[in-house]
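A.B. asks: Below is one structure. I have some questions about it.
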Amino acid sequence: MTEIRSDEALMKVLRAAAGAKMTKAQIRSQKVSFVMSAVDEKNGITRADVERMIDESEGQAA
């Protein structure tokens, strides 16, 4: 079986990133990006629509 090798510098950076805490703003941005990537652009939903829906679902004022 072939042994998989990874660059140690890359692994160090990946471990650090995996342990990093994201801010609320970063998490919200990730949610918006995730939804936008899953939405068909032909349906007319805008980034502002997604942001509003996320705010409403989390009980925040729009």
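Chain labels follow the order of the structure tokens: the first chain is A, the next B, and so on; residue numbering restarts at 1 in every chain, and ligands are counted from 1 in their shown order.
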Taking 5 positions as the minimum chain separation for residues in the same chain, which residues sit within 12 Å of region 48-57 of chain A when counting only C-alpha atoms? Answer as a list in words.

C.D. replies: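 Listing them by chain and then by number gives Ala25, Ile27, Arg28, Ser29, Gln30, Lys31, Val32, Ser33, Phe34, Val35, Met36, Ser37, Ala38, Val39, Asn43 and Ala62 of chain A.
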
A.B. asks: Mind the document's chain letters and residue numbers, and return as number ranges by chain the residues of chain A that DSSP labels alpha helix (DSSP H).

C.D. replies: A: 8-19, 24-38, 47-57
